[in-house]
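Only one structure is covered here, and it is reproduced in the block below.
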Amino acid sequence: MNETWSDDLIAETREVLNLQFLPFSDFVHFKHIKDGYGKISLTNLIAGKLIIQDSETDIETTYNTHDELIEAGWAID
């Protein structure tokens, strides 16, 4: 069984990735469908860099597209 986020949450995630939101901090926070949480710095997001930093390990993972990030299991938290 493939786990997926709801269509509404995916749409909200796309809006944030397209910078259609008002930021509340220097980071945009994400959750993973199977494990953990991460964040993208507002600076990177504005620059078009999709680099998620794992909140527990600080390991950074780079995604090339919004679709790739979402398909990897990430959504806005």
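In the structure tokens, the first chain shown is A, the next is B, and so on; residue numbers restart at 1 for each chain, and ligands run from 1 in the order shown.
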Discussion item. Quick one: residues within 8 Å of Ala75 in chain A, only C-alpha atoms, excluding same-chain residues fewer than 4 positions away - as an MDAnalysis selection string?
Written reply: chainID A and resid 5 9:10 13 30:33 70
Selected residues written out with C-alpha atoms, as a PDB file, in the first residue's frame:
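So the final result, stored in out.pdb, reads:
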```
ATOM      1  CA  TRP A   5      -0.920  12.886   1.557  1.00  0.00           C
ATOM      2  CA  LEU A   9      -2.276  19.041   1.636  1.00  0.00           C
ATOM      3  CA  ILE A  10      -0.378  18.458  -1.607  1.00  0.00           C
ATOM      4  CA  THR A  13       2.494  22.300  -0.221  1.00  0.00           C
ATOM      5  CA  PHE A  30       7.790  19.996   6.476  1.00  0.00           C
ATOM      6  CA  LYS A  31       6.732  16.551   7.619  1.00  0.00           C
ATOM      7  CA  HIS A  32       7.552  13.224   6.003  1.00  0.00           C
ATOM      8  CA  ILE A  33       4.813  10.708   5.367  1.00  0.00           C
ATOM      9  CA  ILE A  70       6.419  15.716  -2.846  1.00  0.00           C
TER      10      ILE A  70
END
```
Practice prompt. List every residue of chain A that DSSP, applied to the backbone of this structure, places in strand (DSSP E), and write the result as a PyMOL selection string.
Written response: chain A and resi 27-32+37-41+50-54+60-63+74-76
Worksheet item: CA of Thr4 in chain A to CA of Glu68 in chain A: how many Å, to one decimal?
Response: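 It comes out at 13.6 Å.
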Worksheet entry | chain A: residues DSSP assigns to alpha helix (DSSP H), reported as a count of residues only | 22
Worksheet item: Hey, what's within 8 Å of Thr62 in chain A if we count only C-alpha atoms and toss same-chain stuff fewer than 3 positions away? As a PyMOL selection string, please?
Response: chain A and resi 49-52
Item to complete: Measuring atom to atom with only C-alpha atoms, identify which of A:Leu19, A:Gly36, A:Phe24, A:Asp8 is nearest to Gly73 in chain A.
Response: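 Among the listed residues, A:Gly36 lies closest to Gly73 in chain A.
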Item to complete: Provide the CA of Ile46 in chain A to CA of Phe21 in chain A distance in Å, to one decimal place.
Response: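 We find that CA of Ile46 in chain A and CA of Phe21 in chain A lie 11.7 Å from each other.
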Item to complete: Give me, please, the distance in Å between CA of Asp7 in chain A and CA of Gln20 in chain A, quoted to one decimal.
Response: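 About the pair CA of Asp7 in chain A and CA of Gln20 in chain A: they are 17.3 Å apart.
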May I have the residues within 12 Å of Glu60 in chain A as a compact mmCIF listing (two decimals) with C-alpha atoms, in the first residue's frame, using only C-alpha atoms and disregarding those fewer than 2 positions away in the same chain?
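The result, stored in out.txt:
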```
# COMPACT_ATOMS: atom_id res chain seq x y z
CA TYR A 37 10.31 16.35 10.08
CA GLY A 38 12.47 18.75 8.12
CA LYS A 39 12.79 22.36 7.11
CA ILE A 40 13.86 24.53 4.18
CA SER A 41 15.38 27.90 4.90
CA LYS A 49 16.89 25.67 -3.82
CA LEU A 50 14.85 22.77 -2.48
CA ILE A 51 17.18 21.66 0.30
CA ILE A 52 15.41 19.97 3.20
CA GLN A 53 17.36 19.74 6.44
CA ASP A 54 16.28 16.81 8.62
CA SER A 55 15.19 18.22 11.99
CA GLU A 56 16.69 15.34 13.95
CA THR A 57 19.96 14.60 12.11
CA ASP A 58 20.61 17.94 10.32
CA THR A 62 18.39 18.37 -2.24
CA TYR A 63 15.45 17.93 -4.61
```
Worksheet item: Of the candidates A:Leu42, A:Asp35, A:Thr61, A:His66, which shows the shortest atom-to-atom distance to Leu22 in chain A, using only C-alpha atoms?
Response: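 Ranked by minimum distance to Leu22 in chain A, first place goes to A:Leu42.
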Discussion item. For a quick check of understanding, using only C-alpha atoms, which of A:Ile59, A:Asp77, A:Asn2, A:Glu71 has the smallest distance to Phe27 in chain A?
Written reply: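 Among the listed residues, the smallest separation from Phe27 in chain A belongs to A:Asp77.
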Fill in: Residue nearest Asn44 in chain A among A:Glu15, A:Asp67, A:Glu3, A:Asp26 (counting only C-alpha atoms)
A:Asp26
